[in-house]
$ cat query.json   # JSON, C-alpha atoms
[["chain", "number", "residue", "atom", "x", "y", "z"],
["A", 251, "ILE", "CA", -80.39, 123.90, 32.05],
["A", 252, "ASP", "CA", -83.16, 126.30, 33.02],
["A", 253, "PRO", "CA", -83.59, 129.37, 35.25],
["A", 254, "VAL", "CA", -84.14, 127.19, 38.33],
["A", 255, "ARG", "CA", -81.89, 124.14, 38.02],
["A", 256, "TYR", "CA", -78.41, 124.27, 36.56],
["A", 257, "ILE", "CA", -75.00, 122.59, 36.56],
["A", 258, "ALA", "CA", -72.21, 124.51, 38.31],
["A", 259, "ASN", "CA", -69.14, 124.09, 40.51],
["A", 260, "ARG", "CA", -68.00, 125.32, 43.92],
["A", 261, "SER", "CA", -65.52, 127.90, 42.68],
["A", 262, "SER", "CA", -66.09, 131.26, 44.39],
["A", 263, "GLY", "CA", -64.07, 133.32, 41.91],
["A", 264, "ARG", "CA", -62.05, 134.78, 44.78],
["A", 265, "GLN", "CA", -58.62, 134.12, 43.27],
["A", 266, "GLY", "CA", -59.53, 135.97, 40.10],
["A", 267, "TYR", "CA", -60.92, 138.93, 42.03],
["A", 268, "GLU", "CA", -57.76, 139.06, 44.15],
["A", 269, "ILE", "CA", -55.63, 139.09, 41.00],
["A", 270, "ALA", "CA", -57.67, 141.96, 39.56],
["A", 271, "ALA", "CA", -57.19, 143.91, 42.80],
["A", 272, "ALA", "CA", -53.45, 143.17, 42.86],
["A", 273, "ALA", "CA", -53.03, 144.35, 39.27],
["A", 274, "HIS", "CA", -54.83, 147.59, 40.10],
["A", 275, "ARG", "CA", -52.57, 148.13, 43.13],
["A", 276, "LEU", "CA", -49.59, 147.95, 40.75],
["A", 277, "GLY", "CA", -51.10, 150.69, 38.63],
["A", 278, "ALA", "CA", -52.57, 148.61, 35.81],
["A", 279, "THR", "CA", -55.80, 149.39, 34.01],
["A", 280, "VAL", "CA", -57.84, 146.28, 34.78],
["A", 281, "THR", "CA", -60.89, 144.72, 33.16],
["A", 282, "LEU", "CA", -62.42, 141.87, 35.17],
["A", 283, "VAL", "CA", -64.67, 139.50, 33.22],
["A", 284, "SER", "CA", -66.64, 137.53, 35.79],
["A", 285, "GLY", "CA", -69.32, 134.91, 35.96],
["A", 286, "PRO", "CA", -71.96, 134.96, 38.73],
["A", 287, "THR", "CA", -70.43, 135.39, 42.18],
["A", 288, "GLY", "CA", -71.24, 137.01, 45.51],
["A", 289, "LEU", "CA", -67.94, 138.91, 45.61],
["A", 290, "ALA", "CA", -67.68, 142.69, 45.44],
["A", 291, "VAL", "CA", -65.81, 144.13, 42.46],
["A", 292, "PRO", "CA", -62.46, 145.53, 43.65],
["A", 293, "ALA", "CA", -62.23, 149.32, 43.77],
["A", 294, "GLY", "CA", -60.84, 150.85, 40.60],
["A", 295, "VAL", "CA", -61.50, 147.77, 38.48],
["A", 296, "ASP", "CA", -63.84, 147.77, 35.48],
["A", 297, "ALA", "CA", -66.06, 144.69, 35.59],
["A", 298, "ILE", "CA", -68.05, 142.90, 32.91],
["A", 299, "GLN", "CA", -70.57, 140.42, 34.30],
["A", 300, "VAL", "CA", -71.45, 137.39, 32.18],
["A", 301, "GLU", "CA", -73.43, 134.19, 32.68],
["A", 302, "SER", "CA", -72.20, 131.81, 29.98],
["A", 303, "ALA", "CA", -68.90, 130.64, 28.52],
["A", 304, "ARG", "CA", -69.86, 132.10, 25.14],
["A", 305, "ASP", "CA", -70.57, 135.47, 26.73],
["A", 306, "MET", "CA", -67.28, 135.31, 28.61],
["A", 307, "LEU", "CA", -65.29, 134.66, 25.44],
["A", 308, "ALA", "CA", -67.03, 137.53, 23.67],
["A", 309, "ALA", "CA", -66.31, 139.88, 26.59],
["A", 310, "VAL", "CA", -62.65, 138.86, 26.71],
["A", 311, "GLU", "CA", -62.24, 139.38, 22.96],
["A", 312, "ALA", "CA", -63.91, 142.80, 23.21],
["A", 313, "SER", "CA", -61.46, 143.77, 25.98],
["A", 314, "LEU", "CA", -58.39, 143.24, 23.79],
["A", 315, "PRO", "CA", -55.72, 144.45, 23.23],
["A", 316, "THR", "CA", -54.00, 144.01, 26.58],
["A", 317, "ASP", "CA", -50.48, 143.31, 27.80],
["A", 318, "ILE", "CA", -51.42, 140.54, 30.23],
["A", 319, "ALA", "CA", -54.41, 138.20, 30.21],
["A", 320, "ILE", "CA", -54.97, 135.89, 33.19],
["A", 321, "PHE", "CA", -57.61, 133.18, 33.05],
["A", 322, "THR", "CA", -58.71, 131.90, 36.46],
["A", 323, "ALA", "CA", -62.40, 131.18, 35.85],
["A", 324, "ALA", "CA", -63.51, 127.57, 36.27],
["A", 325, "VAL", "CA", -65.50, 127.58, 33.04],
["A", 326, "ALA", "CA", -67.52, 124.43, 32.35],
["A", 327, "ASP", "CA", -66.22, 122.33, 29.46],
["A", 328, "TRP", "CA", -69.78, 121.44, 28.48],
["A", 329, "ARG", "CA", -73.24, 123.01, 28.40],
["A", 330, "VAL", "CA", -76.67, 121.64, 27.65],
["A", 331, "ALA", "CA", -77.49, 121.76, 23.94],
["A", 332, "SER", "CA", -80.86, 123.37, 24.54],
["A", 333, "ALA", "CA", -81.53, 125.41, 27.69],
["A", 334, "GLY", "CA", -85.17, 125.41, 28.76],
["A", 335, "ASN", "CA", -87.07, 128.55, 29.68],
["A", 336, "GLN", "CA", -89.30, 126.68, 32.12],
["A", 337, "LYS", "CA", -88.49, 124.62, 35.20],
["A", 338, "LEU", "CA", -87.87, 120.96, 34.46],
["A", 339, "LYS", "CA", -90.42, 118.96, 36.44],
["A", 340, "LYS", "CA", -89.76, 115.56, 37.94],
["A", 341, "LYS", "CA", -91.57, 112.87, 35.98],
["A", 342, "ALA", "CA", -91.99, 109.13, 36.21],
["A", 343, "GLY", "CA", -89.35, 107.16, 34.39],
["A", 344, "GLY", "CA", -86.24, 108.76, 35.84],
["A", 345, "PRO", "CA", -84.28, 111.94, 35.14],
["A", 346, "PRO", "CA", -84.53, 113.75, 31.81],
["A", 347, "ARG", "CA", -81.92, 113.04, 29.16],
["A", 348, "LEU", "CA", -79.48, 115.92, 28.84],
["A", 349, "GLU", "CA", -77.66, 116.42, 25.56],
["A", 350, "LEU", "CA", -74.35, 118.24, 26.08],
["A", 351, "VAL", "CA", -72.27, 120.28, 23.63],
["A", 352, "GLU", "CA", -68.76, 121.63, 24.10],
["A", 353, "ASN", "CA", -68.24, 125.18, 25.34],
["A", 354, "PRO", "CA", -65.68, 127.43, 23.66],
["A", 355, "ASP", "CA", -62.15, 127.02, 25.00],
["A", 356, "ILE", "CA", -61.40, 130.59, 26.06],
["A", 357, "LEU", "CA", -57.78, 130.10, 27.11],
["A", 358, "HIS", "CA", -56.89, 128.23, 23.93],
["A", 359, "THR", "CA", -58.70, 130.74, 21.73],
["A", 360, "ILE", "CA", -56.83, 133.74, 23.16],
["A", 361, "SER", "CA", -53.48, 131.91, 23.30],
["A", 362, "LYS", "CA", -53.69, 131.09, 19.58],
["A", 363, "LEU", "CA", -54.50, 134.60, 18.36],
["A", 364, "SER", "CA", -52.21, 136.22, 15.83],
["A", 365, "ARG", "CA", -49.18, 138.02, 17.18],
["A", 366, "LYS", "CA", -50.79, 141.43, 16.65],
["A", 367, "LYS", "CA", -53.91, 140.52, 18.68],
["A", 368, "ARG", "CA", -52.49, 138.14, 21.29],
["A", 369, "PRO", "CA", -51.64, 139.53, 24.74],
["A", 370, "ARG", "CA", -47.91, 139.68, 25.46],
["A", 371, "LEU", "CA", -48.34, 137.30, 28.40],
["A", 372, "VAL", "CA", -51.16, 134.74, 28.63],
["A", 373, "ILE", "CA", -51.51, 132.98, 31.97],
["A", 374, "GLY", "CA", -53.91, 130.11, 32.57],
["A", 375, "PHE", "CA", -54.96, 128.28, 35.72],
["A", 376, "ALA", "CA", -55.16, 124.51, 36.09],
["A", 377, "ALA", "CA", -57.42, 123.20, 38.84],
["A", 378, "GLU", "CA", -56.34, 119.59, 39.36],
["A", 379, "THR", "CA", -57.20, 116.80, 41.78],
["A", 380, "GLU", "CA", -54.26, 114.48, 41.06],
["A", 381, "LYS", "CA", -50.83, 114.57, 39.36],
["A", 382, "VAL", "CA", -51.05, 118.35, 39.59],
["A", 383, "GLY", "CA", -47.70, 119.19, 38.00],
["A", 384, "ALA", "CA", -47.92, 116.67, 35.18],
["A", 385, "HIS", "CA", -51.50, 117.50, 34.23],
["A", 386, "ALA", "CA", -50.91, 121.24, 34.39],
["A", 387, "THR", "CA", -47.76, 121.01, 32.27],
["A", 388, "ALA", "CA", -49.68, 119.06, 29.64],
["A", 389, "LYS", "CA", -52.47, 121.64, 29.76],
["A", 390, "ARG", "CA", -50.02, 124.48, 29.18],
["A", 391, "GLU", "CA", -48.69, 122.77, 26.07],
["A", 392, "ARG", "CA", -52.19, 121.90, 24.84],
["A", 393, "LYS", "CA", -53.65, 125.36, 25.34],
["A", 394, "GLY", "CA", -50.65, 127.32, 24.08],
["A", 395, "CYS", "CA", -50.45, 129.77, 26.99],
["A", 396, "ASP", "CA", -47.16, 131.17, 28.28],
["A", 397, "TRP", "CA", -47.54, 130.32, 31.96],
["A", 398, "ILE", "CA", -49.95, 128.17, 33.87],
["A", 399, "VAL", "CA", -50.71, 128.27, 37.58],
["A", 400, "ALA", "CA", -51.59, 124.85, 38.95],
["A", 401, "ASN", "CA", -53.37, 124.11, 42.20],
["A", 402, "ASP", "CA", -54.89, 121.13, 43.97],
["A", 403, "VAL", "CA", -58.66, 121.54, 44.27],
["A", 404, "SER", "CA", -59.46, 118.12, 45.71],
["A", 405, "PRO", "CA", -62.08, 118.28, 48.48],
["A", 406, "ASP", "CA", -59.52, 117.96, 51.29],
["A", 407, "SER", "CA", -57.50, 120.94, 50.05],
["A", 408, "GLY", "CA", -60.16, 123.53, 50.96],
["A", 409, "VAL", "CA", -59.16, 125.68, 47.97],
["A", 410, "MET", "CA", -62.59, 125.84, 46.34],
["A", 411, "GLY", "CA", -64.42, 128.60, 48.18],
["A", 412, "GLY", "CA", -61.61, 129.08, 50.69],
["A", 413, "LEU", "CA", -59.27, 131.97, 51.47],
["A", 414, "ASP", "CA", -55.96, 130.14, 50.99],
["A", 415, "ASN", "CA", -54.21, 128.51, 48.07],
["A", 416, "THR", "CA", -51.09, 126.49, 47.28],
["A", 417, "VAL", "CA", -49.96, 126.94, 43.71],
["A", 418, "HIS", "CA", -47.22, 125.89, 41.33],
["A", 419, "LEU", "CA", -46.15, 128.33, 38.61],
["A", 420, "ILE", "CA", -45.19, 126.53, 35.41],
["A", 421, "ARG", "CA", -43.36, 128.59, 32.81],
["A", 422, "GLY", "CA", -42.31, 125.69, 30.61],
["A", 423, "ALA", "CA", -41.52, 121.98, 30.53],
["A", 424, "GLY", "CA", -39.45, 121.23, 33.62],
["A", 425, "ASP", "CA", -39.76, 124.81, 34.88],
["A", 426, "ILE", "CA", -42.05, 124.45, 37.88],
["A", 427, "ASP", "CA", -41.88, 126.91, 40.77],
["A", 428, "ASP", "CA", -43.56, 125.46, 43.88],
["A", 429, "TRP", "CA", -44.95, 128.25, 46.05],
["A", 430, "PRO", "CA", -45.63, 127.74, 49.76],
["A", 431, "PRO", "CA", -49.18, 127.85, 51.11],
["A", 432, "MET", "CA", -50.43, 131.43, 51.31],
["A", 433, "THR", "CA", -53.59, 133.48, 51.15],
["A", 434, "LYS", "CA", -55.18, 134.04, 47.77],
["A", 435, "GLN", "CA", -54.37, 137.74, 48.12],
["A", 436, "ASP", "CA", -50.67, 136.91, 48.60],
["A", 437, "VAL", "CA", -50.80, 134.54, 45.59],
["A", 438, "ALA", "CA", -52.30, 137.38, 43.54],
["A", 439, "ASP", "CA", -49.67, 139.89, 44.64],
["A", 440, "ARG", "CA", -46.77, 137.54, 43.91],
["A", 441, "LEU", "CA", -48.18, 136.49, 40.54],
["A", 442, "MET", "CA", -48.75, 140.08, 39.42],
["A", 443, "HIS", "CA", -45.26, 141.16, 40.48],
["A", 444, "GLU", "CA", -43.76, 138.30, 38.46],
["A", 445, "ALA", "CA", -45.99, 139.04, 35.47],
["A", 446, "ALA", "CA", -45.14, 142.75, 35.57],
["A", 447, "ALA", "CA", -41.43, 141.92, 35.76],
["A", 448, "ALA", "CA", -41.72, 139.61, 32.74],
["A", 449, "ILE", "CA", -43.47, 142.28, 30.69],
["A", 450, "SER", "CA", -40.88, 144.90, 31.67],
["A", 451, "ALA", "CA", -38.04, 142.55, 30.70],
["A", 452, "ALA", "CA", -39.66, 141.81, 27.34],
["A", 453, "LYS", "CA", -39.97, 145.52, 26.56],
["A", 454, "ALA", "CA", -36.38, 146.31, 27.59]]
$ encode --input "query.json" --output "structure tokens"
Amino acid sequence: IDPVRYIANRSSGRQGYEIAAAAHRLGATVTLVSGPTGLAVPAGVDAIQVESARDMLAAVEASLPTDIAIFTAAVADWRVASAGNQKLKKKAGGPPRLELVENPDILHTISKLSRKKRPRLVIGFAAETEKVGAHATAKRERKGCDWIVANDVSPDSGVMGGLDNTVHLIRGAGDIDDWPPMTKQDVADRLMHEAAAAISAAKA
């Protein structure tokens, strides 16, 4: 909205940073495209810092080609149509009217690239608060990604901003792998091992 007041969410970005670190530990060349966060960039990882969904899409596109692209960022679906360059002051008559426009759909955009430009494996994340498996499966089909990692981010789960996660890896309709609760680092390690194995099998 403006430099002082803005609309955001409670995502810390930790899961994405853990995935970048796990990929580097496996020997991958890693580019981390990140929104604002207080986390330190993992050693050996190239980072591109962005502040908007449009900047994030541009940075992702500039980082192609790549074998694997993993999209964990909780990017807002909407943004204000006109961001102010001055603080919005409280006035009589209630809150200001905010006109919203749709942000670019980064996961869908990359998933639908031509075969020559598209990463070999595109993995999305689905942060859900109910019907986690059903909603995530529908999202995978809608976005066109290969895999989607679903998790429950309802307030009681403690996932947003926390150190632990419970995820479900969906590779296709009816193909849901329920993982036990584990740390976000362990989720990252397991996901990267499975992704690396899938890429190796595809090249064989």
$ residues_around --input "query.json" --residues "Lys393 in chain A" --least-positions-apart "3" --cutoff "10 Å" --atoms "all atoms listed in the file" --output "PyMOL selection string"
chain A and resi 355-362+374+388-390+396+398
$ residues_around --input "query.json" --residues "Ser404 in chain A" --least-positions-apart "2" --cutoff "9 Å" --atoms "only C-alpha atoms" --output "JSON list (two decimals) with C-alpha atoms, in the frame of the given file"
[["chain", "number", "residue", "atom", "x", "y", "z"],
["A", 377, "ALA", "CA", -57.42, 123.20, 38.84],
["A", 378, "GLU", "CA", -56.34, 119.59, 39.36],
["A", 379, "THR", "CA", -57.20, 116.80, 41.78],
["A", 380, "GLU", "CA", -54.26, 114.48, 41.06],
["A", 402, "ASP", "CA", -54.89, 121.13, 43.97],
["A", 406, "ASP", "CA", -59.52, 117.96, 51.29],
["A", 407, "SER", "CA", -57.50, 120.94, 50.05],
["A", 408, "GLY", "CA", -60.16, 123.53, 50.96],
["A", 409, "VAL", "CA", -59.16, 125.68, 47.97],
["A", 410, "MET", "CA", -62.59, 125.84, 46.34]]
$ closest_residue --input "query.json" --among "A:Thr387, A:Thr279, A:Gln336, A:Ser261" --to "Ile420 in chain A" --atoms "all atoms listed in the file"
A:Thr387
$ closest_residue --input "query.json" --among "A:Thr322, A:Ala400, A:Val300, A:Ala384" --to "Trp429 in chain A" --atoms "only C-alpha atoms"
A:Ala400
$ residues_around --input "query.json" --residues "Ser332 in chain A" --least-positions-apart "3" --cutoff "9 Å" --atoms "only C-alpha atoms" --output "tab-separated table (two decimals) with C-alpha atoms, in the coordinates of the input"
chain	number	residue	atom	x	y	z
A	251	ILE	CA	-80.39	123.90	32.05
A	329	ARG	CA	-73.24	123.01	28.40
A	348	LEU	CA	-79.48	115.92	28.84
A	349	GLU	CA	-77.66	116.42	25.56
A	350	LEU	CA	-74.35	118.24	26.08
$ axis_aligned_box --input "query.json" --around "range 311-324 of chain A" --padding-each-side "6 Å" --output "lines of an AutoDock Vina configuration file"
center_x = -57.2
center_y = 136.0
center_z = 29.7
size_x = 25.4
size_y = 28.9
size_z = 25.5
$ residues_near_point --input "query.json" --point "(-64.7, 122.2, 32.3)" --cutoff "10 Å" --atoms "all atoms listed in the file" --output "list in words"
Ala258, Asn259, Ala323, Ala324, Val325, Ala326, Asp327, Trp328, Arg329, Glu352, Asn353, Asp355 and Ala377 of chain A
$ closest_residue --input "query.json" --among "A:Ala447, A:Leu276, A:Ala271, A:Ala303" --to "Ala290 in chain A" --atoms "only C-alpha atoms"
A:Ala271
$ atom_distance --input "query.json" --atom1 "CA of Ile298 in chain A" --atom2 "CA of Glu311 in chain A"
12.0 Å
$ closest_residue --input "query.json" --among "A:Ala272, A:Gly343, A:Pro354, A:Arg370" --to "Pro315 in chain A" --atoms "all atoms listed in the file"
A:Arg370
$ closest_residue --input "query.json" --among "A:Gln265, A:Arg440, A:Val330, A:Met306" --to "Ser284 in chain A" --atoms "all atoms listed in the file"
A:Met306
$ build_atoms --input "query.json" --residues "range 371-399 of chain A" --atoms "N, CA and C atoms" --output "PDB file, keeping the file's coordinate frame"
ATOM      1  N   LEU A 371     -48.486 138.375  27.432  1.00  0.00           N
ATOM      2  CA  LEU A 371     -48.340 137.300  28.400  1.00  0.00           C
ATOM      3  C   LEU A 371     -49.721 136.711  28.693  1.00  0.00           C
ATOM      4  N   VAL A 372     -49.892 135.441  28.384  1.00  0.00           N
ATOM      5  CA  VAL A 372     -51.160 134.740  28.630  1.00  0.00           C
ATOM      6  C   VAL A 372     -50.914 133.717  29.732  1.00  0.00           C
ATOM      7  N   ILE A 373     -51.668 133.851  30.806  1.00  0.00           N
ATOM      8  CA  ILE A 373     -51.510 132.980  31.970  1.00  0.00           C
ATOM      9  C   ILE A 373     -52.813 132.232  32.223  1.00  0.00           C
ATOM     10  N   GLY A 374     -52.742 130.925  32.260  1.00  0.00           N
ATOM     11  CA  GLY A 374     -53.910 130.110  32.570  1.00  0.00           C
ATOM     12  C   GLY A 374     -53.813 129.531  33.972  1.00  0.00           C
ATOM     13  N   PHE A 375     -54.927 128.990  34.446  1.00  0.00           N
ATOM     14  CA  PHE A 375     -54.960 128.280  35.720  1.00  0.00           C
ATOM     15  C   PHE A 375     -55.381 126.834  35.452  1.00  0.00           C
ATOM     16  N   ALA A 376     -54.814 125.919  36.202  1.00  0.00           N
ATOM     17  CA  ALA A 376     -55.160 124.510  36.090  1.00  0.00           C
ATOM     18  C   ALA A 376     -55.598 124.001  37.456  1.00  0.00           C
ATOM     19  N   ALA A 377     -56.878 123.753  37.601  1.00  0.00           N
ATOM     20  CA  ALA A 377     -57.420 123.200  38.840  1.00  0.00           C
ATOM     21  C   ALA A 377     -57.394 121.677  38.717  1.00  0.00           C
ATOM     22  N   GLU A 378     -56.539 121.042  39.483  1.00  0.00           N
ATOM     23  CA  GLU A 378     -56.340 119.590  39.360  1.00  0.00           C
ATOM     24  C   GLU A 378     -56.675 118.893  40.680  1.00  0.00           C
ATOM     25  N   THR A 379     -56.941 117.599  40.580  1.00  0.00           N
ATOM     26  CA  THR A 379     -57.200 116.800  41.780  1.00  0.00           C
ATOM     27  C   THR A 379     -56.187 115.677  41.957  1.00  0.00           C
ATOM     28  N   GLU A 380     -55.318 115.477  40.968  1.00  0.00           N
ATOM     29  CA  GLU A 380     -54.260 114.480  41.060  1.00  0.00           C
ATOM     30  C   GLU A 380     -53.170 114.821  40.041  1.00  0.00           C
ATOM     31  N   LYS A 381     -51.953 114.347  40.280  1.00  0.00           N
ATOM     32  CA  LYS A 381     -50.830 114.570  39.360  1.00  0.00           C
ATOM     33  C   LYS A 381     -50.816 116.023  38.898  1.00  0.00           C
ATOM     34  N   VAL A 382     -50.845 116.927  39.871  1.00  0.00           N
ATOM     35  CA  VAL A 382     -51.050 118.350  39.590  1.00  0.00           C
ATOM     36  C   VAL A 382     -50.020 118.895  38.604  1.00  0.00           C
ATOM     37  N   GLY A 383     -48.738 118.658  38.864  1.00  0.00           N
ATOM     38  CA  GLY A 383     -47.700 119.190  38.000  1.00  0.00           C
ATOM     39  C   GLY A 383     -47.756 118.628  36.593  1.00  0.00           C
ATOM     40  N   ALA A 384     -47.913 117.322  36.482  1.00  0.00           N
ATOM     41  CA  ALA A 384     -47.920 116.670  35.180  1.00  0.00           C
ATOM     42  C   ALA A 384     -49.123 117.107  34.343  1.00  0.00           C
ATOM     43  N   HIS A 385     -50.291 117.121  34.967  1.00  0.00           N
ATOM     44  CA  HIS A 385     -51.500 117.500  34.230  1.00  0.00           C
ATOM     45  C   HIS A 385     -51.473 118.965  33.823  1.00  0.00           C
ATOM     46  N   ALA A 386     -50.966 119.818  34.703  1.00  0.00           N
ATOM     47  CA  ALA A 386     -50.910 121.240  34.390  1.00  0.00           C
ATOM     48  C   ALA A 386     -49.894 121.528  33.288  1.00  0.00           C
ATOM     49  N   THR A 387     -48.761 120.838  33.319  1.00  0.00           N
ATOM     50  CA  THR A 387     -47.760 121.010  32.270  1.00  0.00           C
ATOM     51  C   THR A 387     -48.325 120.609  30.917  1.00  0.00           C
ATOM     52  N   ALA A 388     -49.053 119.508  30.889  1.00  0.00           N
ATOM     53  CA  ALA A 388     -49.680 119.060  29.640  1.00  0.00           C
ATOM     54  C   ALA A 388     -50.731 120.065  29.179  1.00  0.00           C
ATOM     55  N   LYS A 389     -51.461 120.652  30.126  1.00  0.00           N
ATOM     56  CA  LYS A 389     -52.470 121.640  29.760  1.00  0.00           C
ATOM     57  C   LYS A 389     -51.827 122.867  29.152  1.00  0.00           C
ATOM     58  N   ARG A 390     -50.721 123.315  29.728  1.00  0.00           N
ATOM     59  CA  ARG A 390     -50.020 124.480  29.180  1.00  0.00           C
ATOM     60  C   ARG A 390     -49.638 124.246  27.723  1.00  0.00           C
ATOM     61  N   GLU A 391     -49.100 123.087  27.441  1.00  0.00           N
ATOM     62  CA  GLU A 391     -48.690 122.770  26.070  1.00  0.00           C
ATOM     63  C   GLU A 391     -49.909 122.678  25.145  1.00  0.00           C
ATOM     64  N   ARG A 392     -50.983 122.101  25.655  1.00  0.00           N
ATOM     65  CA  ARG A 392     -52.190 121.900  24.840  1.00  0.00           C
ATOM     66  C   ARG A 392     -52.883 123.221  24.520  1.00  0.00           C
ATOM     67  N   LYS A 393     -52.933 124.099  25.516  1.00  0.00           N
ATOM     68  CA  LYS A 393     -53.650 125.360  25.340  1.00  0.00           C
ATOM     69  C   LYS A 393     -52.824 126.411  24.606  1.00  0.00           C
ATOM     70  N   GLY A 394     -51.497 126.353  24.746  1.00  0.00           N
ATOM     71  CA  GLY A 394     -50.650 127.320  24.080  1.00  0.00           C
ATOM     72  C   GLY A 394     -50.407 128.591  24.866  1.00  0.00           C
ATOM     73  N   CYS A 395     -50.695 128.583  26.172  1.00  0.00           N
ATOM     74  CA  CYS A 395     -50.450 129.770  26.990  1.00  0.00           C
ATOM     75  C   CYS A 395     -48.979 129.827  27.402  1.00  0.00           C
ATOM     76  N   ASP A 396     -48.559 130.989  27.894  1.00  0.00           N
ATOM     77  CA  ASP A 396     -47.160 131.170  28.280  1.00  0.00           C
ATOM     78  C   ASP A 396     -46.857 130.542  29.634  1.00  0.00           C
ATOM     79  N   TRP A 397     -47.667 130.874  30.618  1.00  0.00           N
ATOM     80  CA  TRP A 397     -47.540 130.320  31.960  1.00  0.00           C
ATOM     81  C   TRP A 397     -48.835 129.642  32.335  1.00  0.00           C
ATOM     82  N   ILE A 398     -48.734 128.724  33.281  1.00  0.00           N
ATOM     83  CA  ILE A 398     -49.950 128.170  33.870  1.00  0.00           C
ATOM     84  C   ILE A 398     -49.740 128.028  35.372  1.00  0.00           C
ATOM     85  N   VAL A 399     -50.750 128.355  36.125  1.00  0.00           N
ATOM     86  CA  VAL A 399     -50.710 128.270  37.580  1.00  0.00           C
ATOM     87  C   VAL A 399     -51.550 127.069  37.997  1.00  0.00           C
TER      88      VAL A 399
END
